[in-house]
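Colleague: Before I ask anything, here is the structure I am working with.
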Amino acid sequence: MTDTSESTPLGRRTVLIATGATVATLAVAAAAPEAPTAGTAATTPAAAAAVCTLTKEMTEGPYYLDGAYVRADISEDKTGFPLELTLTVVDDDTCAPLNKALVEIWHCDALGEYSGFVGGNGHNEPDNGTFLRGGVLTGTDGVARITSVYPGWYRGRCVHIHVKVHTGVTLTSDGSFTGGQELHTGQLFFSETITAAVGRLSPYSANTVTRTTLAQDSIYDEGGAASGLLTLTALGSSPTSGYAGTLTLGIESS
(Lines give C-alpha, C1' and ligand atoms only; values in the text may rest on other atoms or scores of the structure.)
Protein backbone atom coordinates (compact mmCIF):
# COMPACT_ATOMS: atom_id res chain seq x y z
CA MET A 1 0.00 0.00 0.00
CA THR A 2 1.38 3.40 -0.99
CA ASP A 3 2.39 5.72 1.82
CA THR A 4 0.27 8.49 0.36
CA SER A 5 0.24 10.66 3.47
CA GLU A 6 4.00 11.11 3.16
CA SER A 7 3.75 13.18 -0.01
CA THR A 8 3.78 16.60 1.73
CA PRO A 9 6.35 17.80 4.32
CA LEU A 10 4.92 19.07 7.62
CA GLY A 11 6.71 22.40 7.43
CA ARG A 12 6.12 23.11 11.16
CA ARG A 13 9.72 24.02 11.94
CA THR A 14 13.22 23.66 10.59
CA VAL A 15 15.88 21.31 11.83
CA LEU A 16 19.63 21.57 11.72
CA ILE A 17 21.55 18.55 10.48
CA ALA A 18 25.28 17.90 10.31
CA THR A 19 27.18 14.70 9.65
CA GLY A 20 30.49 13.13 10.49
CA ALA A 21 32.61 13.46 13.61
CA THR A 22 31.03 16.72 14.75
CA VAL A 23 30.08 16.38 18.40
CA ALA A 24 32.62 17.59 20.97
CA THR A 25 33.67 15.15 23.68
CA LEU A 26 32.48 16.22 27.11
CA ALA A 27 34.89 16.10 30.05
CA VAL A 28 32.26 15.53 32.71
CA ALA A 29 30.79 12.03 32.93
CA ALA A 30 27.02 11.64 32.81
CA ALA A 31 25.03 10.57 35.85
CA ALA A 32 23.55 7.06 35.86
CA PRO A 33 20.84 7.01 33.15
CA GLU A 34 17.18 6.42 33.92
CA ALA A 35 16.73 4.40 30.74
CA PRO A 36 18.82 2.96 27.90
CA THR A 37 21.14 5.63 26.54
CA ALA A 38 23.67 5.66 23.77
CA GLY A 39 26.88 5.50 25.74
CA THR A 40 29.39 7.94 27.15
CA ALA A 41 31.05 10.99 25.71
CA ALA A 42 34.46 9.36 25.95
CA THR A 43 33.68 7.09 23.01
CA THR A 44 31.75 9.61 20.93
CA PRO A 45 33.02 11.70 18.07
CA ALA A 46 32.43 15.36 18.38
CA ALA A 47 29.60 18.53 18.08
CA ALA A 48 30.70 21.79 19.38
CA ALA A 49 32.52 22.57 16.16
CA ALA A 50 29.69 21.22 14.01
CA VAL A 51 29.06 22.68 10.58
CA CYS A 52 25.29 22.88 10.73
CA THR A 53 22.89 22.83 7.82
CA LEU A 54 19.26 23.89 8.06
CA THR A 55 16.61 21.67 6.50
CA LYS A 56 12.88 21.05 6.70
CA GLU A 57 11.18 18.45 8.83
CA MET A 58 9.62 15.51 7.01
CA THR A 59 6.21 13.97 7.43
CA GLU A 60 5.39 11.44 10.14
CA GLY A 61 3.62 9.15 7.66
CA PRO A 62 0.75 6.75 8.39
CA TYR A 63 2.57 4.07 10.40
CA TYR A 64 3.36 5.81 13.69
CA LEU A 65 2.16 4.16 16.91
CA ASP A 66 2.15 5.67 20.40
CA GLY A 67 3.66 3.74 23.27
CA ALA A 68 6.98 2.61 21.79
CA TYR A 69 9.40 0.99 24.22
CA VAL A 70 12.43 2.86 25.52
CA ARG A 71 15.12 0.38 24.51
CA ALA A 72 18.44 0.37 22.69
CA ASP A 73 17.76 -2.71 20.53
CA ILE A 74 14.51 -2.61 18.54
CA SER A 75 15.23 -5.54 16.22
CA GLU A 76 13.44 -8.20 18.28
CA ASP A 77 13.47 -11.42 16.19
CA LYS A 78 13.45 -9.73 12.80
CA THR A 79 15.83 -11.13 10.22
CA GLY A 80 17.97 -8.67 8.32
CA PHE A 81 21.46 -7.21 8.21
CA PRO A 82 22.64 -5.46 11.40
CA LEU A 83 22.26 -1.68 11.59
CA GLU A 84 24.00 0.29 14.33
CA LEU A 85 22.72 3.86 14.45
CA THR A 86 24.53 6.71 16.18
CA LEU A 87 22.33 9.80 16.17
CA THR A 88 23.54 12.97 17.87
CA VAL A 89 21.07 15.66 18.94
CA VAL A 90 22.30 19.24 19.29
CA ASP A 91 20.71 22.65 19.79
CA ASP A 92 20.37 24.45 16.48
CA ASP A 93 21.56 27.80 17.84
CA THR A 94 24.62 26.70 19.79
CA CYS A 95 25.35 23.14 18.57
CA ALA A 96 25.45 22.14 22.25
CA PRO A 97 24.41 18.50 22.82
CA LEU A 98 20.91 17.91 24.20
CA ASN A 99 20.89 15.68 27.27
CA LYS A 100 18.01 13.26 28.00
CA ALA A 101 16.29 13.87 24.67
CA LEU A 102 14.34 10.79 23.62
CA VAL A 103 15.27 9.73 20.08
CA GLU A 104 12.51 7.46 18.77
CA ILE A 105 12.62 5.57 15.48
CA TRP A 106 10.37 3.19 13.56
CA HIS A 107 10.71 1.48 10.19
CA CYS A 108 9.56 -1.47 8.12
CA ASP A 109 11.18 -4.92 8.02
CA ALA A 110 12.91 -6.63 5.09
CA LEU A 111 9.55 -7.36 3.46
CA GLY A 112 8.37 -3.77 3.79
CA GLU A 113 5.94 -4.46 6.64
CA TYR A 114 5.45 -2.25 9.70
CA SER A 115 4.52 -3.71 13.07
CA GLY A 116 0.89 -2.95 13.76
CA PHE A 117 0.16 -2.80 10.02
CA VAL A 118 1.40 -6.14 8.67
CA GLY A 119 -0.14 -6.96 5.30
CA GLY A 120 0.05 -3.40 4.02
CA ASN A 121 2.88 -4.34 1.68
CA GLY A 122 1.36 -7.62 0.56
CA HIS A 123 3.26 -10.05 2.81
CA ASN A 124 1.77 -12.24 5.51
CA GLU A 125 3.76 -12.59 8.74
CA PRO A 126 3.22 -12.44 12.53
CA ASP A 127 2.50 -8.96 13.91
CA ASN A 128 3.18 -8.18 17.56
CA GLY A 129 2.76 -4.43 17.11
CA THR A 130 6.22 -3.61 18.50
CA PHE A 131 8.99 -4.87 16.20
CA LEU A 132 11.35 -2.25 14.80
CA ARG A 133 9.96 0.48 17.06
CA GLY A 134 11.57 2.19 20.05
CA GLY A 135 14.15 4.68 21.20
CA VAL A 136 16.63 5.79 23.83
CA LEU A 137 17.49 8.86 25.86
CA THR A 138 20.59 10.75 24.82
CA GLY A 139 23.48 11.08 27.25
CA THR A 140 25.22 14.33 28.16
CA ASP A 141 27.01 14.04 24.81
CA GLY A 142 23.67 14.21 22.96
CA VAL A 143 24.21 10.77 21.47
CA ALA A 144 21.57 8.06 20.99
CA ARG A 145 22.74 4.63 19.88
CA ILE A 146 20.08 2.27 18.58
CA THR A 147 20.51 -1.23 17.16
CA SER A 148 18.14 -2.47 14.46
CA VAL A 149 18.24 -4.16 11.06
CA TYR A 150 18.65 -2.56 7.66
CA PRO A 151 15.12 -1.58 6.54
CA GLY A 152 13.33 -3.00 3.53
CA TRP A 153 10.97 -1.03 1.30
CA TYR A 154 7.31 -0.75 0.51
CA ARG A 155 5.30 0.43 -2.45
CA GLY A 156 6.02 4.02 -3.50
CA ARG A 157 8.83 4.80 -1.04
CA CYS A 158 12.59 4.39 -0.97
CA VAL A 159 14.32 2.74 1.99
CA HIS A 160 14.04 5.03 5.03
CA ILE A 161 13.62 5.25 8.80
CA HIS A 162 11.25 7.59 10.62
CA VAL A 163 12.60 9.57 13.59
CA LYS A 164 11.15 11.77 16.32
CA VAL A 165 12.96 13.70 19.04
CA HIS A 166 11.15 14.40 22.31
CA THR A 167 12.27 16.26 25.44
CA GLY A 168 10.91 16.19 28.97
CA VAL A 169 9.35 12.72 28.71
CA THR A 170 8.33 10.62 31.70
CA LEU A 171 9.35 6.97 31.65
CA THR A 172 6.55 4.53 32.49
CA SER A 173 6.58 1.25 34.39
CA ASP A 174 5.78 -0.75 31.25
CA GLY A 175 9.02 0.37 29.58
CA SER A 176 7.48 3.11 27.45
CA PHE A 177 7.21 6.90 27.92
CA THR A 178 4.60 9.60 28.16
CA GLY A 179 4.33 13.39 28.01
CA GLY A 180 7.13 15.72 27.06
CA GLN A 181 7.47 17.90 23.97
CA GLU A 182 7.98 16.66 20.43
CA LEU A 183 10.69 18.83 18.88
CA HIS A 184 11.39 17.10 15.59
CA THR A 185 9.83 14.67 13.14
CA GLY A 186 11.98 13.54 10.23
CA GLN A 187 13.29 10.65 8.16
CA LEU A 188 16.66 8.99 7.66
CA PHE A 189 17.80 7.82 4.23
CA PHE A 190 20.30 5.32 2.84
CA SER A 191 22.86 5.25 0.04
CA GLU A 192 21.31 3.88 -3.14
CA THR A 193 24.47 1.91 -3.94
CA ILE A 194 24.39 0.14 -0.58
CA THR A 195 20.63 -0.43 -0.69
CA ALA A 196 20.91 -2.01 -4.14
CA ALA A 197 23.56 -4.44 -2.84
CA VAL A 198 21.48 -5.27 0.23
CA GLY A 199 18.32 -5.74 -1.84
CA ARG A 200 19.87 -8.49 -3.95
CA LEU A 201 20.38 -10.71 -0.92
CA SER A 202 18.05 -12.75 1.32
CA PRO A 203 15.85 -11.87 3.19
CA TYR A 204 15.44 -8.59 1.25
CA SER A 205 15.25 -10.34 -2.12
CA ALA A 206 12.00 -11.99 -0.98
CA ASN A 207 10.26 -8.59 -0.99
CA THR A 208 7.89 -8.84 -3.97
CA VAL A 209 7.29 -5.08 -4.29
CA THR A 210 9.26 -3.07 -6.86
CA ARG A 211 11.72 -0.87 -5.01
CA THR A 212 11.50 2.91 -5.37
CA THR A 213 15.01 4.38 -5.62
CA LEU A 214 16.32 7.35 -3.67
CA ALA A 215 16.13 9.51 -6.81
CA GLN A 216 12.53 8.45 -7.47
CA ASP A 217 11.29 9.04 -3.94
CA SER A 218 8.61 11.70 -3.39
CA ILE A 219 9.98 12.77 0.02
CA TYR A 220 13.76 12.74 -0.29
CA ASP A 221 14.86 15.93 -2.07
CA GLU A 222 18.44 15.05 -3.06
CA GLY A 223 19.78 17.25 -0.25
CA GLY A 224 22.24 14.68 1.08
CA ALA A 225 23.01 14.88 4.79
CA ALA A 226 20.92 18.04 5.08
CA SER A 227 17.92 15.94 4.08
CA GLY A 228 18.66 13.06 6.44
CA LEU A 229 21.05 10.95 4.37
CA LEU A 230 22.99 8.76 6.79
CA THR A 231 26.74 8.30 6.63
CA LEU A 232 27.09 4.52 6.33
CA THR A 233 30.15 2.46 7.21
CA ALA A 234 30.37 -1.26 6.47
CA LEU A 235 30.79 -3.50 9.51
CA GLY A 236 32.46 -6.20 7.45
CA SER A 237 33.42 -7.29 3.95
CA SER A 238 29.88 -8.31 2.95
CA PRO A 239 26.51 -6.53 3.18
CA THR A 240 25.38 -9.36 5.44
CA SER A 241 27.75 -8.04 8.12
CA GLY A 242 25.67 -4.89 8.33
CA TYR A 243 26.36 -1.17 8.57
CA ALA A 244 26.91 1.61 11.05
CA GLY A 245 24.90 4.75 10.31
CA THR A 246 25.62 8.20 11.74
CA LEU A 247 23.92 11.59 11.59
CA THR A 248 23.80 14.71 13.74
CA LEU A 249 20.38 16.34 14.16
CA GLY A 250 20.29 19.98 15.14
CA ILE A 251 16.97 20.61 16.85
CA GLU A 252 15.06 23.84 17.44
CA SER A 253 14.79 23.38 21.18
CA SER A 254 13.23 26.67 22.23
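Note on naming: chains are A, B, ... as they come in the C-alpha coordinates, residues start from 1 per chain, ligands start from 1 in the order shown.
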Residues near Gly152 of chain A, anyone? I mean within 10 Å using only C-alpha atoms, not counting same-chain ones fewer than 3 positions away, as a list in words.
Modeller: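 After dropping sequence-adjacent residues, the list is Gly80, His107, Cys108, Asp109, Ala110, Leu111, Gly112, Glu113, Val149, Cys158, Val159, His160, Ile161, Thr195, Val198, Gly199, Pro203, Tyr204, Ser205, Asn207 and Arg211 of chain A.
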Colleague: Take the selection from the previous step and output its residues with N, CA and C atoms, as a tab-separated table (two decimals), in the first residue's frame.
Modeller:
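Okay, out-v9.tsv is ready:
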```tsv
chain	number	residue	atom	x	y	z
A	80	GLY	N	17.48	-9.79	9.11
A	80	GLY	CA	17.97	-8.67	8.32
A	80	GLY	C	19.41	-8.40	8.70
A	107	HIS	N	10.53	1.75	11.62
A	107	HIS	CA	10.71	1.48	10.19
A	107	HIS	C	10.17	0.10	9.85
A	108	CYS	N	10.08	-0.18	8.57
A	108	CYS	CA	9.56	-1.47	8.12
A	108	CYS	C	10.65	-2.54	8.16
A	109	ASP	N	10.23	-3.81	8.04
A	109	ASP	CA	11.18	-4.92	8.02
A	109	ASP	C	11.63	-5.21	6.59
A	110	ALA	N	12.35	-6.30	6.41
A	110	ALA	CA	12.91	-6.63	5.09
A	110	ALA	C	11.85	-6.79	4.02
A	111	LEU	N	10.64	-7.17	4.42
A	111	LEU	CA	9.55	-7.36	3.46
A	111	LEU	C	8.69	-6.12	3.30
A	112	GLY	N	9.11	-5.02	3.92
A	112	GLY	CA	8.37	-3.77	3.79
A	112	GLY	C	7.16	-3.66	4.68
A	113	GLU	N	7.09	-4.47	5.74
A	113	GLU	CA	5.94	-4.46	6.64
A	113	GLU	C	6.27	-3.75	7.95
A	149	VAL	N	17.83	-3.50	12.30
A	149	VAL	CA	18.24	-4.16	11.06
A	149	VAL	C	18.04	-3.19	9.90
A	158	CYS	N	11.24	4.94	-1.05
A	158	CYS	CA	12.59	4.39	-0.97
A	158	CYS	C	12.83	3.87	0.45
A	159	VAL	N	13.95	3.23	0.66
A	159	VAL	CA	14.32	2.74	1.99
A	159	VAL	C	14.55	3.94	2.92
A	160	HIS	N	13.92	3.91	4.09
A	160	HIS	CA	14.04	5.03	5.03
A	160	HIS	C	13.68	4.58	6.44
A	161	ILE	N	14.00	5.42	7.40
A	161	ILE	CA	13.62	5.25	8.80
A	161	ILE	C	12.96	6.55	9.27
A	195	THR	N	21.97	0.18	-0.68
A	195	THR	CA	20.63	-0.43	-0.69
A	195	THR	C	20.49	-1.43	-1.82
A	198	VAL	N	22.25	-4.59	-0.81
A	198	VAL	CA	21.48	-5.27	0.23
A	198	VAL	C	20.25	-5.95	-0.36
A	199	GLY	N	19.57	-5.25	-1.27
A	199	GLY	CA	18.32	-5.74	-1.84
A	199	GLY	C	18.45	-6.99	-2.69
A	203	PRO	N	17.28	-11.71	3.43
A	203	PRO	CA	15.85	-11.87	3.19
A	203	PRO	C	15.22	-10.77	2.34
A	204	TYR	N	15.99	-9.74	1.97
A	204	TYR	CA	15.44	-8.59	1.25
A	204	TYR	C	14.96	-8.97	-0.15
A	205	SER	N	15.62	-9.92	-0.76
A	205	SER	CA	15.25	-10.34	-2.12
A	205	SER	C	13.89	-11.00	-2.17
A	207	ASN	N	11.25	-9.68	-0.91
A	207	ASN	CA	10.26	-8.59	-0.99
A	207	ASN	C	9.75	-8.51	-2.43
A	211	ARG	N	11.11	-1.86	-5.89
A	211	ARG	CA	11.72	-0.87	-5.01
A	211	ARG	C	11.79	0.50	-5.67
```
Colleague: Go through segment 96-200 of chain A and collect every residue that DSSP, computed from the backbone, puts in strand (DSSP E); the answer should be as a PyMOL selection string.
Modeller: chain A and resi 102-106+133-137+143-149+160-167+170-171+177-178+181-189
Colleague: Write out as a PyMOL selection string the residues lying within 10 Å of Ile194 of chain A, counting only C-alpha atoms and excluding same-chain residues fewer than 2 positions away.
Modeller: chain A and resi 190-192+196-199+232-234+239+243
Colleague: Leaving out Asn128 of chain A and any residue of its chain fewer than 3 positions from it, which residues lie within 12 Å of it when counting only C-alpha atoms, given as a PyMOL selection string?
Modeller: chain A and resi 76-78+113-118+125+131-133
